[in-house]
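As provided, protein11.txt (compact mmCIF, C-alpha atoms) reads as follows.
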```
# COMPACT_ATOMS: atom_id res chain seq x y z
CA LEU A 704 -118.10 -108.66 -220.87
CA THR A 705 -115.09 -109.29 -218.65
CA VAL A 706 -114.30 -109.36 -214.95
CA CYS A 707 -111.05 -108.37 -213.21
CA ASN A 708 -107.99 -107.41 -215.24
CA THR A 709 -106.82 -109.94 -217.77
CA GLY A 710 -104.65 -107.73 -219.90
CA ALA A 711 -100.94 -107.21 -220.21
CA LEU A 712 -100.74 -105.43 -216.84
CA ALA A 713 -101.88 -108.60 -215.05
CA THR A 714 -100.58 -111.36 -217.29
CA GLY A 715 -97.86 -109.86 -219.44
CA GLY A 716 -97.75 -109.98 -223.22
CA HIS A 717 -101.08 -109.92 -225.05
CA GLY A 718 -103.19 -110.75 -221.99
CA THR A 719 -105.72 -113.56 -221.51
CA ALA A 720 -109.40 -112.50 -221.71
CA LEU A 721 -108.44 -108.98 -222.78
CA GLY A 722 -105.98 -110.60 -225.18
CA MET A 723 -108.92 -112.42 -226.81
CA VAL A 724 -110.64 -109.05 -227.25
CA ARG A 725 -107.45 -107.58 -228.75
CA SER A 726 -107.18 -110.51 -231.17
CA ALA A 727 -110.82 -110.14 -232.24
CA ILE A 728 -110.28 -106.44 -232.95
CA GLU A 729 -107.10 -107.25 -234.92
CA GLN A 730 -109.26 -109.61 -237.02
CA GLY A 731 -111.58 -106.71 -237.84
CA LYS A 732 -114.44 -107.61 -235.51
CA ASP A 733 -116.61 -104.80 -234.16
CA ILE A 734 -116.17 -105.06 -230.39
CA ARG A 735 -117.49 -103.12 -227.41
CA LEU A 736 -116.05 -104.41 -224.17
CA TYR A 737 -118.13 -104.19 -221.01
CA ALA A 738 -115.76 -104.24 -218.05
CA CYS A 739 -117.05 -105.05 -214.58
CA GLU A 740 -115.51 -102.86 -211.89
CA THR A 741 -114.38 -105.99 -209.98
CA ARG A 742 -114.70 -105.22 -206.30
CA PRO A 743 -113.19 -104.95 -203.78
CA TYR A 744 -109.97 -103.85 -205.50
CA ASN A 745 -111.57 -102.45 -208.66
CA GLN A 746 -109.12 -104.09 -211.06
CA GLY A 747 -111.67 -103.69 -213.85
CA SER A 748 -112.20 -99.99 -213.27
CA ARG A 749 -108.55 -99.20 -212.56
CA LEU A 750 -106.63 -101.52 -214.90
CA THR A 751 -108.88 -102.88 -217.64
CA THR A 752 -110.24 -99.45 -218.50
CA TYR A 753 -106.71 -98.04 -218.58
CA GLU A 754 -105.55 -100.73 -221.02
CA CYS A 755 -108.65 -100.16 -223.16
CA GLU A 756 -107.96 -96.42 -223.23
CA VAL A 757 -104.32 -96.95 -224.24
CA ASP A 758 -105.22 -99.52 -226.92
CA LYS A 759 -108.31 -97.60 -228.09
CA ILE A 760 -110.63 -100.53 -227.35
CA PRO A 761 -114.24 -99.32 -227.04
CA CYS A 762 -115.09 -99.97 -223.39
CA THR A 763 -117.99 -99.36 -221.03
CA LEU A 764 -117.39 -99.71 -217.29
CA LEU A 765 -120.21 -101.05 -215.14
CA ALA A 766 -120.83 -101.89 -211.51
CA ASP A 767 -120.48 -105.61 -210.83
CA SER A 768 -124.13 -105.71 -209.75
CA ALA A 769 -125.28 -104.26 -213.10
CA ALA A 770 -124.10 -107.21 -215.23
CA GLY A 771 -127.43 -109.06 -215.05
CA ALA A 772 -129.40 -106.00 -216.14
CA LEU A 773 -127.01 -105.45 -219.05
CA MET A 774 -127.42 -109.09 -220.12
CA ALA A 775 -131.22 -108.81 -219.83
CA GLN A 776 -131.11 -105.86 -222.26
CA GLY A 777 -129.38 -108.08 -224.84
CA LYS A 778 -126.19 -106.03 -224.90
CA VAL A 779 -123.80 -108.90 -224.04
CA ASN A 780 -123.05 -111.60 -226.63
CA CYS A 781 -120.38 -113.45 -224.61
CA VAL A 782 -118.56 -113.36 -221.30
CA ILE A 783 -114.82 -113.98 -221.11
CA ALA A 784 -113.09 -114.46 -217.77
CA GLY A 785 -109.53 -115.30 -216.91
CA CYS A 786 -108.60 -117.96 -214.40
CA ASP A 787 -106.22 -118.62 -211.57
CA ARG A 788 -106.60 -122.40 -211.57
CA VAL A 789 -108.51 -125.01 -213.58
CA ALA A 790 -109.19 -128.45 -212.11
CA LYS A 791 -108.98 -131.65 -214.14
CA ASN A 792 -112.77 -131.71 -214.55
CA GLY A 793 -112.85 -128.11 -215.83
CA ASP A 794 -114.07 -126.39 -212.66
CA THR A 795 -112.40 -122.99 -212.70
CA ALA A 796 -111.23 -120.68 -209.90
CA ASN A 797 -111.08 -116.97 -210.65
CA LYS A 798 -111.71 -113.58 -209.06
CA ILE A 799 -114.77 -113.49 -206.80
CA GLY A 800 -117.85 -112.72 -208.87
CA THR A 801 -116.92 -114.93 -211.82
CA TYR A 802 -119.32 -117.68 -210.69
CA SER A 803 -122.19 -115.15 -210.49
CA LEU A 804 -121.46 -113.98 -214.04
CA ALA A 805 -121.49 -117.60 -215.25
CA VAL A 806 -124.90 -118.21 -213.64
CA LEU A 807 -126.26 -115.01 -215.20
CA ALA A 808 -124.80 -115.91 -218.58
CA LYS A 809 -126.41 -119.36 -218.47
CA HIS A 810 -129.78 -117.84 -217.56
CA HIS A 811 -129.55 -115.43 -220.49
CA LYS A 812 -128.18 -118.11 -222.87
CA ILE A 813 -124.91 -116.22 -223.35
CA PRO A 814 -121.69 -118.22 -223.95
CA PHE A 815 -119.24 -118.09 -221.05
CA TYR A 816 -115.56 -118.63 -221.89
CA ILE A 817 -112.45 -119.01 -219.77
CA ALA A 818 -109.18 -117.57 -221.10
CA MET A 819 -106.90 -120.27 -219.74
CA PRO A 820 -103.12 -120.18 -219.86
CA GLN A 821 -101.92 -123.79 -219.92
CA SER A 822 -99.96 -123.07 -216.74
CA THR A 823 -103.26 -122.77 -214.81
CA LEU A 824 -104.49 -126.28 -215.69
CA ASP A 825 -103.91 -128.52 -212.67
CA MET A 826 -104.36 -132.14 -213.72
CA ASP A 827 -103.59 -133.22 -210.13
CA CYS A 828 -106.65 -131.36 -208.81
CA PRO A 829 -109.74 -133.50 -209.49
CA SER A 830 -112.40 -130.78 -209.08
CA GLY A 831 -113.10 -127.28 -207.83
CA GLN A 832 -113.97 -128.68 -204.40
CA HIS A 833 -110.23 -129.28 -203.97
CA ILE A 834 -109.19 -125.70 -204.78
CA PRO A 835 -108.49 -123.72 -201.59
CA ILE A 836 -110.12 -120.30 -201.54
CA GLU A 837 -108.21 -117.48 -199.88
CA GLN A 838 -110.14 -115.41 -197.36
CA ARG A 839 -109.09 -111.76 -197.49
CA PRO A 840 -108.93 -109.48 -194.42
CA PRO A 841 -112.26 -107.98 -193.32
CA GLY A 842 -110.82 -104.47 -193.38
CA GLU A 843 -110.67 -104.58 -197.18
CA LEU A 844 -114.46 -104.36 -197.21
CA PHE A 845 -115.52 -102.76 -193.96
CA THR A 846 -114.23 -101.19 -190.79
CA GLY A 847 -115.76 -99.55 -187.79
CA LEU A 848 -118.39 -101.88 -186.35
CA ASP A 849 -116.87 -104.64 -184.24
CA SER A 850 -120.04 -106.77 -184.15
CA ILE A 851 -120.25 -107.04 -187.97
CA GLU A 852 -118.67 -110.15 -189.45
CA VAL A 853 -117.19 -110.00 -192.95
CA TRP A 854 -116.95 -112.83 -195.49
CA ASN A 855 -114.39 -111.77 -198.08
CA PRO A 856 -113.20 -114.60 -200.38
CA ALA A 857 -110.68 -113.59 -203.02
CA PHE A 858 -111.91 -116.20 -205.52
CA ASP A 859 -114.86 -118.39 -206.36
CA VAL A 860 -115.14 -121.59 -208.37
CA THR A 861 -117.26 -121.79 -211.51
CA PRO A 862 -118.46 -125.35 -212.17
CA ALA A 863 -117.48 -126.76 -215.56
CA GLU A 864 -121.12 -127.21 -216.60
CA LEU A 865 -121.51 -123.40 -216.71
CA ILE A 866 -118.51 -122.93 -219.02
CA SER A 867 -118.88 -123.00 -222.82
CA GLY A 868 -115.17 -123.37 -223.53
CA TRP A 869 -111.63 -122.95 -222.25
CA VAL A 870 -109.39 -120.97 -224.61
CA SER A 871 -105.65 -121.54 -224.23
CA GLU A 872 -102.55 -120.78 -226.22
CA ILE A 873 -102.77 -124.36 -227.56
CA LYS A 874 -106.45 -124.75 -228.50
CA VAL A 875 -110.06 -124.29 -227.45
CA TRP A 876 -111.53 -127.06 -225.31
CA THR A 877 -115.19 -127.76 -224.68
CA LYS A 878 -116.92 -130.08 -222.22
CA ASP A 879 -116.90 -132.72 -224.96
CA ASP A 880 -113.12 -132.85 -225.37
CA PHE A 881 -111.57 -131.96 -222.01
CA TRP A 882 -107.81 -131.87 -222.32
CA ASN A 883 -107.61 -134.39 -225.20
```

Rewrite the coordinates I just gave you, this time as structure tokens.
Amino acid sequence: LTVCNTGALATGGHGTALGMVRSAIEQGKDIRLYACETRPYNQGSRLTTYECEVDKIPCTLLADSAAGALMAQGKVNCVIAGCDRVAKNGDTANKIGTYSLAVLAKHHKIPFYIAMPQSTLDMDCPSGQHIPIEQRPPGELFTGLDSIEVWNPAFDVTPAELISGWVSEIKVWTKDDFWN
């Protein structure tokens, strides 16, 4: 299961999380990708599904809110998310909704991996508490009722303890061997 778009359209080349799926298929693994729609911009439904169609990757699109039900049915064997920034302690910022998927994955005992380009590792940032989170304009979610407030963060931070491993172009790290 993936969130957002982590393929060549977003990252260039092979892609990050979608690149891991491509590599697994190239190795002969039987893969079905579940792609979350990724609100509010629907990068999963617009971009990930397009790349899967072009590359003939078996893909099922689902509403973001359906991920827990899919996991409960035993249809997800791992979650792979990309990242925008990784703190020195492994806390990881990514598209809003990534943290929720990590919590669901932990509850269902499903490994949760971060596809991490080395360029996103920030050794000067001690933890996710130091990663600024962009607030997007309210109109992206809702318009029309002036008395309704909107909270629209672009990203969230997944704590390192919810992450099984960070996969980069150099190696795979776990909590036991951070950046060694």

* Please indicate the distance in Å from CA of Cys828 (chain A) to CA of Thr877 (chain A), rounded to one decimal place. => 18.4 Å

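For Gly771 (chain A), the non-local neighbours within 9 Å, defined as residues at least 6 positions apart in the same chain or in other chains and counting all atoms listed in the file, are A:Leu804, A:Leu807, A:Ala808, A:His811.
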
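Taking only C-alpha atoms into account, Ala784 (chain A) lies nearest to A:Ala818 out of the set A:Ala727, A:Ile836, A:Ala818, A:Val860.
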
* To do: Name all residues at most 6 Å from Pro856 (chain A) (count only C-alpha atoms; drop same-chain ones fewer than 5 positions away) and give them as a PyMOL selection string.
  => chain A and resi 837-839

* So which one's closest to Asp733 (chain A), A:Pro761, A:Lys798, A:His833, A:Cys755? Using all atoms listed in the file, please. -> A:Pro761

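The coordinates place CA of Glu729 (chain A) at 18.8 Å from CA of Val782 (chain A).
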
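Of the listed residues A:Val757, A:Ala766, A:Leu750, A:Met826, the one whose atoms come nearest to Leu712 (chain A) is A:Leu750, with distances taken using only C-alpha atoms.
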
* Asked: Hey, what's within 12 Å of Met819 (chain A) if we count only C-alpha atoms and toss same-chain stuff fewer than 6 positions away? As a VMD selection string, please?
  -> chain A and resid 709 714 718 to 723 783 to 790 793 to 797 825 866 868 to 876 882

* For each of A:Asn780, A:Asn708, A:Thr801, A:Gln821, take the minimum atom-to-atom distance to Tyr744 (chain A), counting all atoms listed in the file, then give the residue where this is smallest. => A:Asn708
